[in-house]
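Novice: Could you have a look at this structure, given as structure tokens, before my questions?
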Amino acid sequence: MISVDNLAVEFSGHTLFSDVSFTINADDKIALMGKNGAGKSTMMKIIAGVQKATRGHVRTPKDAVIAYLPQHLLTEDNTTVFDEASKVFSQVFAMRDEMDALNKQLETRTDYESEDYMKIIERVSDLGEKYYALEEVNYDAEVEKALKGLGFKPTDFTRPTSEFSGGWRMRIELAKILLQKPDLILLDEPTNHIDIESVIWLEDFLVNKANAVVVISHDRAFIDSITNRTIEVTMGRIYDYKAKYTHYLQLREERRAHQIKAYQEQQKMIADNMAFIERFKGTYSKTNQVASRERMLEKLDIIEIDDIDTSALKLRFPPTQRSGDYPVTVKDVSKSYGDHVVFNDANMSIARGEKVCFVGRNGEGKSTMIKAILGEIDVEGTCTLGHNVKVGYFAQNQAALLDESLSIFQTVDEVAKGDIRTQIKNILGRFMFKGDDIDKKVSVLSGGEKTRLAMVKLLLEPVNVLILDEPTNHLDLKSKDVLKEALQDFDGTLILVSHDRDFLQGLANKVFEFKDKRVIEHFETIDAYLERNKIESIKALDL
């Protein structure tokens with residue numbers, strides 16, 4: 001059992017959270033929830049031992065192994081994928097190699113009675129006791145199984161890690177964590193960079209093979225699948241629910257309703273007492289009563305309501321001109337980079353008003369196809385945009401395309417048209433830009449903040465074809481709900497690339513699967529595809 005005792009974090013006169021206490025039991029699968037900036041990642045870093053609290057302690061058993069996967073990795077190296085993943089067993093390999101070296105010395109030395117010889121025997125005995133007490137494991141097979149589960153092909157094993165993107169390097173670190181079989185796994189947004197099949201593999205591992213887990217994630221389906229407890233960080237304190245995320249949402253609404261009722265009753269009591277004080281101030285016979293009520297109000301702890309309910313705010317894409325019958329047509333399209341074939345002879349016709357999804361493992365060509373449709377790369381075959389098509393495109397690097405000299409408000413104001421301009425502050429608030437935030441320059445925003453701002457900007461542009469490439473990676477759950485509702489109501493054509501199953505469900509009525517250098521058309525909803533894919537993937541992965 002790991003105990004978090006009276007943790008507090010303060011900086012620059014601001015209290016992030018204080019007097020936070022809870023325990024993590026051996027079988028707990030905990031979702032750490034809360035708004036961006038509430039302190040979730042900070043709390044996780046403190047538990048991991050990579051950051052110190054202002055006050056309080058994290059108490060862990062002596063031999064407990066805690067493994068931590070941060071949102072962003074800073075390491076760079078030139079080992080191979082397989083060797084990097086195998087580093088998790090470096091201590092075991094070092095023990096084995098030392099024993100082999102010492103045994104060779106014993107075979108060749110003849111000073112049997114010397115002190116050095118006896119020391120070697122003692123060292124071999126100590127190492128052997130530790131080494132042979134370990135569970136017998138085929139370490140290479142374990143590394144291979146973990147890497148395959150997270151999407152690596154056998155041909156990737158010997159490639160240098162420097163050849164891989166940040167997302168793939170994240171998977172290597174995740175494989176190292178899983179191979180440690182730790183007592184506690186701490187995961188900060190683990191699904192942001194892995195595809196659906198890898199998420200399914202990770203879910204199965206965490207549910208059936210991991211010990212305690214604490215996870216921060218905006219992927220609702222993922223956290224609902226793996227967690228049995230939810231700890232919410234809000235307004236400097238925590239609320240601990242022995243419930244999955246979906247049930248926690250119901251309990252939180254009940255809590256908030258009680259808070260609102262208690263707040264209203266308290267405000268009425270305060271108003272009544274203030275009126276009494278005002279009325280009888282200076283009245284001799286009421287002096288003691290007035291003083292008593294003033295002292296009572298001074299000592300009163302004002303009830304706070306945890307968050308602001310903006311659920312009434314609903315966004316819609318502005319109307320635009322009608323496109324032709326087939327806004328996007330792809331005919332016999334192939335794309336290669338040198339000897340590497342991405343896909344061959346791909347065909348697709350996307351009708352006006354259709355909502356389609358591109359799915360497949362990372363590297364199978366989904367983003368490449370989008371670039372081909374937009375005319376950003378040369379391909380064999382033809383990609384045609386239909387009559388009167390106006391495309392709105394959200395790329396994975398969309399944040400980098402914002403004008404950094406503008407403020408948040410100016411960025412949105414320049415694309416907003418008509419009555420929607422009167423709601424800009426409310427819209428920005430829904431995407432976590434509130435108060436003075438809207439006057440900040442884009443240049444000072446974090447990557448996640450820029451991504452959210454780019455999404456707000458896209459929501460206000462009049463388009464009839466939307467192409468979204470991984471739009472949800474930096475959106476919190478409320479923001480994703482706003483976007484999803486807007487996309488469900490969107491009467492144009494939608495092409496969506498995403499690994500977030502909860503976000504995908506109910507959005508697409510046709511699926512294009514990118515697999516083995518082919519593009520396969522499935523005439524089924526994304527919900528049906530995901531259910532079938534989940535079953536097939538788990539069987540194929542032999543878990």
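Every chain in the structure tokens has a letter given in the order shown (A, B, ...), and although residue numbers restart at 1 in each chain, ligands are simply numbered from 1 in the order shown.
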List the neighbours of A:Arg352 out to 7 Å using only C-alpha atoms; skip same-chain residues closer than 5 positions along the sequence, and give me the result as a ChimeraX atom specification.
Specialist: /A:323-327,492-493
Novice: Write the selection just made, keeping N, CA, C and O atoms, as a short mmCIF file (atom, residue, chain, number, x, y, z; two decimals), in the first residue's frame?
Specialist:
```cif
data_model
loop_
_atom_site.label_atom_id
_atom_site.label_comp_id
_atom_site.auth_asym_id
_atom_site.auth_seq_id
_atom_site.Cartn_x
_atom_site.Cartn_y
_atom_site.Cartn_z
N SER A 323 -21.94 21.61 -51.61
CA SER A 323 -20.90 21.09 -52.51
C SER A 323 -21.51 20.18 -53.56
O SER A 323 -22.72 19.90 -53.54
N GLY A 324 -20.66 19.68 -54.46
CA GLY A 324 -21.12 18.69 -55.44
C GLY A 324 -21.46 17.37 -54.77
O GLY A 324 -21.26 17.18 -53.57
N ASP A 325 -21.97 16.42 -55.57
CA ASP A 325 -22.42 15.14 -55.02
C ASP A 325 -21.29 14.34 -54.39
O ASP A 325 -21.50 13.63 -53.42
N TYR A 326 -20.09 14.43 -54.97
CA TYR A 326 -18.95 13.68 -54.45
C TYR A 326 -17.79 14.64 -54.18
O TYR A 326 -16.97 14.89 -55.07
N PRO A 327 -17.72 15.18 -52.97
CA PRO A 327 -16.68 16.17 -52.66
C PRO A 327 -15.25 15.62 -52.76
O PRO A 327 -14.32 16.35 -53.05
N GLY A 492 -22.10 18.96 -43.49
CA GLY A 492 -21.18 18.76 -44.60
C GLY A 492 -20.57 17.37 -44.57
O GLY A 492 -21.11 16.44 -43.98
N THR A 493 -19.43 17.23 -45.23
CA THR A 493 -18.72 15.95 -45.35
C THR A 493 -17.55 15.94 -44.36
O THR A 493 -16.82 16.92 -44.24
#
```
Novice: When you look at stretch 221-238 of chain A with a cut-off of 8 Å (counting only C-alpha atoms), what residues show up, excluding the ones that are within fewer than 5 positions of it in the same chain? I need them as JSON, numbers by chain.
Specialist: {"A": [15, 16, 17, 18, 19, 20, 28, 29, 30, 31, 32, 33, 34, 35, 38, 39, 40, 199, 203, 206, 207, 215, 243, 244, 245, 246, 248, 306, 500, 501, 502]}
Novice: Mind checking DSSP for stretch 373-527 of chain A and telling me the strand (DSSP E) residues as an NGL selection string?
Specialist: :A and (380-385 or 391-394 or 465-469 or 493-497 or 510-515 or 518-522)
Novice: Write out as number ranges by chain which residues come within 9 Å of stretch 471-484 of chain A when counting only C-alpha atoms, dropping same-chain ones fewer than 6 positions away.
Specialist: A: 35-36, 189, 191-193, 217-220, 311, 313-315, 394-396, 430-432, 447-449, 451-452, 455-456, 459, 496-498, 500, 503-504, 507
Novice: Name the closest residue to A:Pro190 among the candidates A:Phe89, A:Tyr68, A:Lys281, A:Ala141; distances are taken between atoms, counting only C-alpha atoms.
Specialist: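 Looking at the shortest contact to A:Pro190, the residue is A:Tyr68.
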Novice: Nearest to A:Ile520: which of A:Lys299, A:Lys130, A:Lys366, A:Arg59 is it, counting only C-alpha atoms?
Specialist: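 Selected residue with least distance to A:Ile520: A:Lys366.
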Novice: Determine, counting only C-alpha atoms, which protein, DNA and RNA residues have an atom within 10 Å of an atom of A:Asn344; residues of the same chain fewer than 5 positions away are not included. Present the result as a PyMOL selection string.
Specialist: chain A and resi 332-336+380-381+516-519
Novice: How many Å lie between atom CA of A:Ala212 and atom CA of A:Val9, rounded to one decimal?
Specialist: 24.2 Å
Novice: So which residues touch stretch 258-268 of chain A within 6 Å, counting only C-alpha atoms, skipping near sequence neighbours fewer than 2 positions away, as an MDAnalysis selection string?
Specialist: chainID A and resid 255:256 270:271 303 305
Novice: For C-alpha atoms, I'd like the residues from the last selection saved as a short mmCIF file (atom, residue, chain, number, x, y, z; two decimals), in the first residue's frame.
Specialist:
```cif
data_model
loop_
_atom_site.label_atom_id
_atom_site.label_comp_id
_atom_site.auth_asym_id
_atom_site.auth_seq_id
_atom_site.Cartn_x
_atom_site.Cartn_y
_atom_site.Cartn_z
CA ARG A 255 -22.37 16.45 -5.32
CA ARG A 256 -22.50 19.67 -7.30
CA ILE A 270 -25.57 35.81 4.90
CA ALA A 271 -28.01 38.25 3.29
CA ILE A 303 -19.13 27.30 0.31
CA ILE A 305 -19.07 25.35 -6.17
#
```
Novice: With only C-alpha atoms as the basis for distance, which of A:Val389, A:Ala53, A:Val65, A:Leu468 is at the shortest distance from A:Lys371?
Specialist: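 Checking each candidate against A:Lys371, we get A:Leu468 as the closest.
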Novice: Hey, what does DSSP flag as alpha helix (DSSP H) within stretch 285-385 of chain A? Can you give it to me as a count of residues only?
Specialist: 21
Novice: If we count only C-alpha atoms and set the cut-off at 12 Å, which residues sit around A:Leu445, ignoring sequence neighbours fewer than 2 positions away in its own chain? Please answer as a list in words.
Specialist: Ala399, Ala400, Leu402, Asp403, Glu404, Ser405, Leu406, Ser407, Ile408, Phe433, Asp437, Ile438, Asp439, Lys440, Lys441, Val442, Ser443, Gly447, Gly448, Glu449, Lys450, Thr451, Arg452, Leu453 and Ala454 of chain A
Novice: Could you please determine the separation between atom CA of A:Val88 and atom CA of A:Gln180 in Å, to one decimal place?
Specialist: 6.4 Å
Novice: Mind pulling up the distance from atom CA of A:Ser86 to atom CA of A:Glu144?
Specialist: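 Computed distance, atom CA of A:Glu144 to atom CA of A:Ser86, equals 9.5 Å.
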